[in-house]
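As provided, query_33.txt (compact mmCIF, C-alpha atoms) reads as follows.
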# COMPACT_ATOMS: atom_id res chain seq x y z
CA MET A 1 0.00 0.00 0.00
CA ASP A 2 1.06 3.62 -0.47
CA ALA A 3 0.63 4.60 3.17
CA ILE A 4 3.75 5.10 5.30
CA GLU A 5 1.85 4.46 8.51
CA PRO A 6 1.53 1.74 9.65
CA LEU A 7 5.09 0.98 8.58
CA LEU A 8 5.04 -2.79 9.04
CA ARG A 9 3.09 -5.37 7.06
CA ARG A 10 0.30 -7.51 8.51
CA PRO A 11 0.68 -11.31 8.63
CA ILE A 12 -2.39 -12.97 7.09
CA SER A 13 -2.90 -16.68 6.42
CA ILE A 14 -4.06 -18.08 3.10
CA TYR A 15 -7.70 -19.14 3.26
CA ASN A 16 -8.28 -20.71 -0.16
CA LEU A 17 -6.07 -21.64 -3.09
CA GLU A 18 -7.30 -22.79 -6.50
CA LYS A 19 -4.22 -23.14 -8.69
CA GLU A 20 -6.08 -24.11 -11.85
CA LYS A 21 -8.22 -20.95 -11.71
CA GLY A 22 -5.46 -18.67 -10.46
CA ILE A 23 -7.40 -17.84 -7.29
CA LEU A 24 -5.73 -16.93 -3.99
CA GLU A 25 -8.03 -15.80 -1.17
CA PHE A 26 -7.44 -14.28 2.26
CA ILE A 27 -9.87 -13.56 5.07
CA PHE A 28 -8.99 -11.23 7.92
CA GLN A 29 -10.69 -9.46 10.79
CA VAL A 30 -10.58 -5.67 10.97
CA LYS A 31 -8.89 -4.94 14.30
CA GLY A 32 -6.70 -1.87 13.80
CA LYS A 33 -5.38 0.70 11.37
CA GLY A 34 -3.52 -1.77 9.14
CA THR A 35 -6.44 -4.12 8.58
CA SER A 36 -8.81 -1.15 8.24
CA LEU A 37 -6.71 0.17 5.36
CA LEU A 38 -6.73 -3.27 3.73
CA ALA A 39 -10.50 -3.57 4.11
CA ASN A 40 -11.01 -0.27 2.29
CA ARG A 41 -9.03 -1.19 -0.80
CA LYS A 42 -11.13 -1.23 -3.97
CA VAL A 43 -11.54 -3.99 -6.55
CA GLY A 44 -8.81 -3.63 -9.16
CA GLU A 45 -6.28 -1.96 -6.86
CA LYS A 46 -2.89 -3.64 -6.57
CA LEU A 47 -1.41 -4.86 -3.29
CA ASP A 48 2.25 -5.50 -2.55
CA ILE A 49 2.40 -8.94 -0.92
CA LEU A 50 5.48 -10.62 0.58
CA GLY A 51 5.18 -14.38 0.71
CA PRO A 52 4.64 -17.17 1.20
CA LEU A 53 6.96 -16.97 4.20
CA GLY A 54 8.48 -19.67 6.38
CA TYR A 55 8.86 -23.39 5.89
CA GLY A 56 6.16 -24.76 8.16
CA THR A 57 3.05 -26.10 6.48
CA PHE A 58 0.63 -28.75 7.60
CA LYS A 59 1.76 -32.21 6.47
CA VAL A 60 -1.06 -33.45 4.26
CA LYS A 61 -1.19 -37.16 3.51
CA ASP A 62 -3.63 -40.06 3.66
CA TYR A 63 -4.69 -40.57 7.30
CA PRO A 64 -7.55 -42.88 8.33
CA LYS A 65 -8.89 -40.21 10.69
CA VAL A 66 -7.87 -36.66 11.58
CA ALA A 67 -9.17 -33.96 13.89
CA ILE A 68 -8.91 -30.30 12.93
CA ILE A 69 -9.50 -27.77 15.68
CA GLY A 70 -9.54 -24.00 15.38
CA GLY A 71 -10.68 -20.93 17.22
CA GLY A 72 -11.60 -17.41 16.15
CA ILE A 73 -9.60 -16.06 13.22
CA GLY A 74 -7.37 -19.11 13.50
CA ILE A 75 -9.94 -21.12 11.54
CA PHE A 76 -9.12 -19.46 8.21
CA PRO A 77 -5.96 -21.43 7.24
CA LEU A 78 -7.66 -24.64 8.35
CA TYR A 79 -10.13 -24.55 5.46
CA GLU A 80 -7.47 -25.16 2.82
CA LEU A 81 -6.06 -27.94 5.03
CA ALA A 82 -9.46 -29.64 5.35
CA LYS A 83 -10.04 -29.30 1.63
CA GLU A 84 -6.72 -30.97 0.82
CA LEU A 85 -7.31 -33.76 3.33
CA LYS A 86 -10.72 -34.53 1.87
CA GLN A 87 -9.05 -35.13 -1.46
CA GLN A 88 -7.40 -38.11 0.22
CA THR A 89 -10.33 -40.47 -0.22
CA THR A 90 -9.80 -42.63 2.88
CA THR A 91 -9.55 -39.71 5.30
CA ASN A 92 -12.23 -39.12 7.94
CA VAL A 93 -12.06 -35.40 8.70
CA GLN A 94 -13.57 -34.20 11.98
CA VAL A 95 -13.60 -30.40 12.36
CA TYR A 96 -14.04 -28.54 15.65
CA LEU A 97 -14.47 -24.75 15.49
CA GLY A 98 -14.81 -22.51 18.51
CA PHE A 99 -16.08 -18.92 18.62
CA ARG A 100 -16.86 -16.41 21.35
CA ASN A 101 -20.46 -15.97 20.20
CA LYS A 102 -22.90 -16.50 17.33
CA ASP A 103 -22.09 -13.18 15.62
CA LEU A 104 -18.46 -14.21 15.06
CA ILE A 105 -19.17 -17.53 13.32
CA THR A 106 -17.84 -17.68 9.77
CA LEU A 107 -17.38 -20.29 7.03
CA GLU A 108 -19.83 -22.79 8.51
CA LYS A 109 -21.15 -23.80 5.09
CA GLU A 110 -17.65 -24.02 3.60
CA PHE A 111 -16.31 -26.26 6.36
CA LYS A 112 -19.35 -28.54 6.14
CA GLU A 113 -18.48 -29.18 2.51
CA VAL A 114 -14.92 -30.32 3.30
CA SER A 115 -15.47 -32.34 6.48
CA ASP A 116 -17.19 -35.55 7.50
CA GLU A 117 -18.43 -33.92 10.68
CA LEU A 118 -18.40 -30.29 11.80
CA ILE A 119 -18.78 -29.34 15.45
CA ILE A 120 -19.24 -25.67 16.32
CA THR A 121 -19.01 -24.32 19.86
CA THR A 122 -19.55 -20.88 21.33
CA ASP A 123 -18.23 -19.63 24.65
CA ASP A 124 -21.58 -18.11 25.60
CA GLY A 125 -23.78 -20.90 24.19
CA SER A 126 -25.47 -18.59 21.66
CA TYR A 127 -24.97 -21.14 18.84
CA GLY A 128 -23.98 -24.77 18.52
CA ILE A 129 -22.59 -26.41 21.64
CA SER A 130 -21.92 -24.27 24.69
CA GLY A 131 -18.29 -24.32 25.80
CA PHE A 132 -14.90 -24.81 24.21
CA ALA A 133 -14.04 -26.81 21.10
CA ILE A 134 -11.27 -28.69 22.93
CA ASN A 135 -13.86 -30.22 25.28
CA GLU A 136 -15.76 -31.73 22.35
CA LEU A 137 -12.55 -33.09 20.87
CA LYS A 138 -11.71 -34.76 24.18
CA LYS A 139 -15.17 -36.36 24.38
CA ASP A 140 -14.93 -37.81 20.87
CA CYS A 141 -11.43 -39.14 21.50
CA GLN A 142 -12.80 -41.34 24.28
CA ASP A 143 -14.40 -43.51 21.60
CA GLN A 144 -11.63 -43.36 19.01
CA ALA A 145 -8.59 -41.14 18.95
CA PRO A 146 -7.64 -39.55 15.63
CA ASP A 147 -4.42 -40.47 13.87
CA LYS A 148 -3.44 -36.81 13.88
CA ILE A 149 -4.57 -33.46 15.27
CA PHE A 150 -4.14 -30.16 13.44
CA ALA A 151 -4.75 -26.90 15.31
CA CYS A 152 -4.68 -23.14 14.82
CA GLY A 153 -6.13 -20.49 17.08
CA PRO A 154 -5.53 -18.37 20.16
CA LEU A 155 -2.67 -19.35 22.46
CA PRO A 156 -4.79 -20.71 25.36
CA MET A 157 -6.54 -23.09 22.96
CA LEU A 158 -3.26 -24.21 21.40
CA LYS A 159 -1.77 -24.88 24.84
CA ALA A 160 -4.76 -27.04 25.75
CA VAL A 161 -4.56 -28.96 22.47
CA GLN A 162 -0.81 -29.41 22.84
CA ALA A 163 -1.16 -30.77 26.39
CA PHE A 164 -3.99 -33.12 25.41
CA ALA A 165 -2.08 -34.50 22.42
CA LYS A 166 1.04 -35.09 24.51
CA GLU A 167 -0.88 -36.81 27.32
CA ASN A 168 -2.57 -39.16 24.87
CA ASN A 169 0.40 -39.68 22.55
CA ILE A 170 -1.46 -38.33 19.51
CA PRO A 171 0.66 -36.76 16.76
CA CYS A 172 -0.21 -33.09 16.56
CA GLU A 173 0.73 -30.08 14.47
CA ILE A 174 0.00 -26.52 15.60
CA SER A 175 0.08 -23.29 13.62
CA LEU A 176 1.21 -20.40 15.81
CA GLU A 177 -0.24 -16.90 15.61
CA GLN A 178 2.64 -14.86 17.00
CA LYS A 179 2.79 -11.25 15.87
CA MET A 180 5.25 -10.90 13.02
CA ALA A 181 6.71 -7.46 12.47
CA CYS A 182 9.18 -8.00 9.63
CA GLY A 183 8.29 -11.47 8.35
CA ILE A 184 11.89 -12.36 7.46
CA GLY A 185 13.49 -13.12 10.83
CA VAL A 186 15.25 -9.80 11.36
CA CYS A 187 13.24 -8.22 14.17
CA LEU A 188 13.14 -11.45 16.26
CA GLY A 189 9.70 -10.50 17.56
CA CYS A 190 8.04 -13.85 16.84
CA ALA A 191 10.48 -16.10 18.70
CA VAL A 192 9.22 -19.34 20.25
CA LYS A 193 11.27 -21.50 22.60
CA THR A 194 12.21 -24.97 21.46
CA ALA A 195 11.02 -27.75 23.74
CA LYS A 196 14.35 -29.59 23.97
CA SER A 197 16.62 -26.63 24.60
CA PRO A 198 18.38 -26.52 28.01
CA GLN A 199 16.92 -24.23 30.66
CA ASP A 200 20.22 -22.45 31.20
CA ALA A 201 20.75 -21.86 27.47
CA PRO A 202 17.33 -21.66 25.80
CA GLU A 203 17.11 -21.89 22.04
CA TYR A 204 14.47 -20.20 19.93
CA TRP A 205 12.92 -20.57 16.51
CA HIS A 206 11.27 -17.71 14.68
CA VAL A 207 7.74 -18.38 13.59
CA CYS A 208 8.03 -16.35 10.38
CA LYS A 209 11.02 -18.42 9.18
CA ALA A 210 10.79 -21.87 10.80
CA GLY A 211 7.00 -21.93 11.10
CA PRO A 212 4.25 -21.08 11.41
CA VAL A 213 3.44 -24.81 11.70
CA PHE A 214 5.35 -26.91 14.23
CA ASN A 215 5.07 -30.37 15.71
CA ALA A 216 3.42 -29.85 19.10
CA THR A 217 6.27 -31.68 20.85
CA ASP A 218 8.94 -29.36 19.40
CA VAL A 219 7.95 -26.01 20.94
CA GLU A 220 7.04 -24.49 24.30
CA ILE A 221 4.04 -22.17 24.07

Would you write out, as structure tokens, the structure that this file holds?
Amino acid sequence: MDAIEPLLRRPISIYNLEKEKGILEFIFQVKGKGTSLLANRKVGEKLDILGPLGYGTFKVKDYPKVAIIGGGIGIFPLYELAKELKQQTTTNVQVYLGFRNKDLITLEKEFKEVSDELIITTDDGSYGISGFAINELKKDCQDQAPDKIFACGPLPMLKAVQAFAKENNIPCEISLEQKMACGIGVCLGCAVKTAKSPQDAPEYWHVCKAGPVFNATDVEI
């Protein structure tokens, strides 16, 4: 964009990719000056985009059963993941989406089309199941645990998913939502501690370069 302020770019995940049609789509929530400027761009205007950044992407292959869990704006990159997994014909895709309330629910129809079962929860009980998405995942895992869990969302949710996956020995990948100022590993603002680094000499990865997707057992969040 032409504006000098805000100076830094805004990290936004890819929502939908259709290579054959040349379509690349993003969804974002207007929260401040940067996203407000983006939201007011007109059809036909050009945007300067830097990306894709990092090396971490969800590992898509043929699993018998997977669970995808997301919360808030963290659900957007999970749609492309679910779509790719459904192309693997033997995959059973269970999707769990959590929102604060009914007014914030998005992409319900789209996720239904790319999942075998969609569970929606709201914190206040205004739509779907009252409570947190992680609670519904835990209930379903009592009958049959998935072969893999994929997660993206707010940090408290990711911590809960990470702990649950570790306790039950379920392979899990998480996409972190740290704020990224530069996007190329220079500012060091999106550092995350590695799980196996010594306490007296901690080691860090930078989400914009090594991520944003990590194995849940590799990072401390």

Against stretch 176-187 of chain A, which residues of stretch 10-79 of chain A fall within 9 Å? For each one I want the closest pair of atoms and the distance in Å (one decimal), counting only C-alpha atoms, rows by chain and increasing residue number, as JSON lines.
{"residue": "A:Arg10", "atom": "CA", "partner": "A:Met180", "partner_atom": "CA", "distance": 7.5}
{"residue": "A:Pro11", "atom": "CA", "partner": "A:Met180", "partner_atom": "CA", "distance": 6.4}
{"residue": "A:Leu50", "atom": "CA", "partner": "A:Gly183", "partner_atom": "CA", "distance": 8.3}
{"residue": "A:Gly51", "atom": "CA", "partner": "A:Gly183", "partner_atom": "CA", "distance": 8.7}
{"residue": "A:Leu53", "atom": "CA", "partner": "A:Gly183", "partner_atom": "CA", "distance": 7.0}
{"residue": "A:Gly54", "atom": "CA", "partner": "A:Ile184", "partner_atom": "CA", "distance": 8.1}
{"residue": "A:Gly74", "atom": "CA", "partner": "A:Glu177", "partner_atom": "CA", "distance": 7.8}

(message) Just checking: using all atoms listed in the file, which residue out of A:Pro64, A:Pro171, A:Gly34, A:Gly153 ends up closest to A:Ser13?
(response)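 Using all atoms listed in the file, the shortest distance to A:Ser13 belongs to A:Gly153.
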
(message) Report, in Å with one decimal, the straight-line distance from atom CA of A:Lys148 to atom CA of A:Ser115.
(response) 14.8 Å

(request) Between A:Asn16, A:Thr57, A:Ser126, A:Gln144, single out the one closest to A:Phe76, counting only C-alpha atoms. (result)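 Nearest to A:Phe76: A:Asn16.
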
(request) Work out how far atom CA of A:Asn101 is from atom CA of A:Ala165, in Å to one decimal. (result) 26.2 Å

(request) Could you give me, as number ranges by chain, the residues that sit within 12 Å of (-3.3, -4.2, 5.8) in the file's coordinates, counting only C-alpha atoms? (result) A: 1-12, 26-41, 47-49

(message) Using Å and a single decimal, report how far atom CA of A:Gly70 sits from atom CA of A:Pro156.
(response)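 So the two atoms, atom CA of A:Pro156 and atom CA of A:Gly70, lie 11.5 Å apart.
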
Find the axis-aligned box for stretch 96-106 of chain A, covering all its listed atoms and adding 8 Å on each side, and write its centre and edge lengths in Å to one decimal as JSON.
{"center_x": -18.5, "center_y": -20.9, "center_z": 15.6, "size_x": 24.9, "size_y": 31.4, "size_z": 27.6}

(message) Given only C-alpha atoms as the basis, pick out the residue of A:Tyr79, A:Lys86, A:Lys65, A:Leu137 nearest to A:Glu110.
(response)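 Once distances to A:Glu110 are computed over only C-alpha atoms, the minimum belongs to A:Tyr79.
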
(request) Would you please work out which residue, of A:Asp218, A:Cys190, A:Tyr63, A:Asp143, is nearest to A:Leu85 when using only C-alpha atoms? (result)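 Result for the nearest residue to A:Leu85: A:Tyr63.
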
(request) Excluding A:Phe99 and residues on its chain fewer than 2 positions from it, collect all residues at most 12 Å away from it, counting all atoms listed in the file, and give them as a ChimeraX atom specification. (result) /A:69-75,96-97,101-108,119-134,153-154,157

(request) Please provide as a list in words all residues within 8 Å of A:Glu25, with the sequence filter that same-chain residues fewer than 4 positions apart are discarded (counting all atoms listed in the file). (result)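 Neighbouring residues, sequence-local ones excluded: Ile14, Tyr15, Asn16 and Leu17 of chain A.
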
(message) Counting only C-alpha atoms, find residues at most 10 Å from (14.5, -28.2, 22.0) (file frame) and give them as an MDAnalysis selection string.
(response) chainID A and resid 193:199 202:205 217:220

Residues within 6 Å of A:Ile174, please, as a PDB file with C-alpha atoms, keeping the file's coordinate frame. Count all atoms listed in the file; anything in the same chain fewer than 6 positions from it doesn't count.
ATOM      1  CA  PHE A 150      -4.140 -30.160  13.440  1.00  0.00           C
ATOM      2  CA  ALA A 151      -4.750 -26.900  15.310  1.00  0.00           C
ATOM      3  CA  CYS A 152      -4.680 -23.140  14.820  1.00  0.00           C
ATOM      4  CA  VAL A 213       3.440 -24.810  11.700  1.00  0.00           C
ATOM      5  CA  PHE A 214       5.350 -26.910  14.230  1.00  0.00           C
ATOM      6  CA  ALA A 216       3.420 -29.850  19.100  1.00  0.00           C
TER       7      ALA A 216
END

Selecting N, CA and C atoms, how would stretch 197-221 of chain A from this structure be written as a CSV table (one decimal), in the first residue's frame?
chain,number,residue,atom,x,y,z
A,197,SER,N,15.5,-27.5,24.3
A,197,SER,CA,16.6,-26.6,24.6
A,197,SER,C,16.8,-26.6,26.1
A,198,PRO,N,18.1,-26.5,26.6
A,198,PRO,CA,18.4,-26.5,28.0
A,198,PRO,C,17.9,-25.3,28.7
A,199,GLN,N,17.5,-25.4,29.9
A,199,GLN,CA,16.9,-24.2,30.7
A,199,GLN,C,17.9,-23.1,30.8
A,200,ASP,N,19.2,-23.5,31.0
A,200,ASP,CA,20.2,-22.4,31.2
A,200,ASP,C,20.7,-21.8,29.9
A,201,ALA,N,20.3,-22.4,28.8
A,201,ALA,CA,20.7,-21.9,27.5
A,201,ALA,C,19.6,-22.1,26.5
A,202,PRO,N,18.5,-21.4,26.7
A,202,PRO,CA,17.3,-21.7,25.8
A,202,PRO,C,17.6,-21.3,24.3
A,203,GLU,N,17.0,-22.1,23.5
A,203,GLU,CA,17.1,-21.9,22.0
A,203,GLU,C,15.7,-21.5,21.5
A,204,TYR,N,15.7,-20.7,20.5
A,204,TYR,CA,14.5,-20.2,19.9
A,204,TYR,C,14.4,-20.4,18.4
A,205,TRP,N,13.2,-20.6,17.9
A,205,TRP,CA,12.9,-20.6,16.5
A,205,TRP,C,12.1,-19.3,16.3
A,206,HIS,N,12.1,-18.9,15.0
A,206,HIS,CA,11.3,-17.7,14.7
A,206,HIS,C,10.1,-18.2,13.8
A,207,VAL,N,8.9,-17.9,14.2
A,207,VAL,CA,7.7,-18.4,13.6
A,207,VAL,C,7.7,-18.0,12.1
A,208,CYS,N,8.1,-16.8,11.8
A,208,CYS,CA,8.0,-16.4,10.4
A,208,CYS,C,9.0,-17.1,9.5
A,209,LYS,N,10.0,-17.7,10.0
A,209,LYS,CA,11.0,-18.4,9.2
A,209,LYS,C,10.9,-19.9,9.3
A,210,ALA,N,10.8,-20.4,10.6
A,210,ALA,CA,10.8,-21.9,10.8
A,210,ALA,C,9.4,-22.4,10.8
A,211,GLY,N,8.4,-21.5,11.0
A,211,GLY,CA,7.0,-21.9,11.1
A,211,GLY,C,6.2,-21.5,9.9
A,212,PRO,N,4.9,-21.2,10.1
A,212,PRO,CA,4.3,-21.1,11.4
A,212,PRO,C,3.8,-22.4,12.0
A,213,VAL,N,3.9,-23.5,11.2
A,213,VAL,CA,3.4,-24.8,11.7
A,213,VAL,C,4.6,-25.6,12.3
A,214,PHE,N,4.3,-26.1,13.5
A,214,PHE,CA,5.4,-26.9,14.2
A,214,PHE,C,4.7,-28.2,14.8
A,215,ASN,N,5.5,-29.2,14.9
A,215,ASN,CA,5.1,-30.4,15.7
A,215,ASN,C,4.9,-29.9,17.1
A,216,ALA,N,3.8,-30.3,17.7
A,216,ALA,CA,3.4,-29.9,19.1
A,216,ALA,C,4.5,-30.2,20.1
A,217,THR,N,5.2,-31.3,19.9
A,217,THR,CA,6.3,-31.7,20.9
A,217,THR,C,7.6,-30.9,20.7
A,218,ASP,N,7.7,-30.0,19.7
A,218,ASP,CA,8.9,-29.4,19.4
A,218,ASP,C,9.0,-28.0,20.0
A,219,VAL,N,7.9,-27.4,20.5
A,219,VAL,CA,8.0,-26.0,20.9
A,219,VAL,C,7.3,-25.9,22.3
A,220,GLU,N,7.7,-24.9,23.0
A,220,GLU,CA,7.0,-24.5,24.3
A,220,GLU,C,6.2,-23.2,24.0
A,221,ILE,N,4.9,-23.3,24.3
A,221,ILE,CA,4.0,-22.2,24.1
A,221,ILE,C,3.3,-21.8,25.4
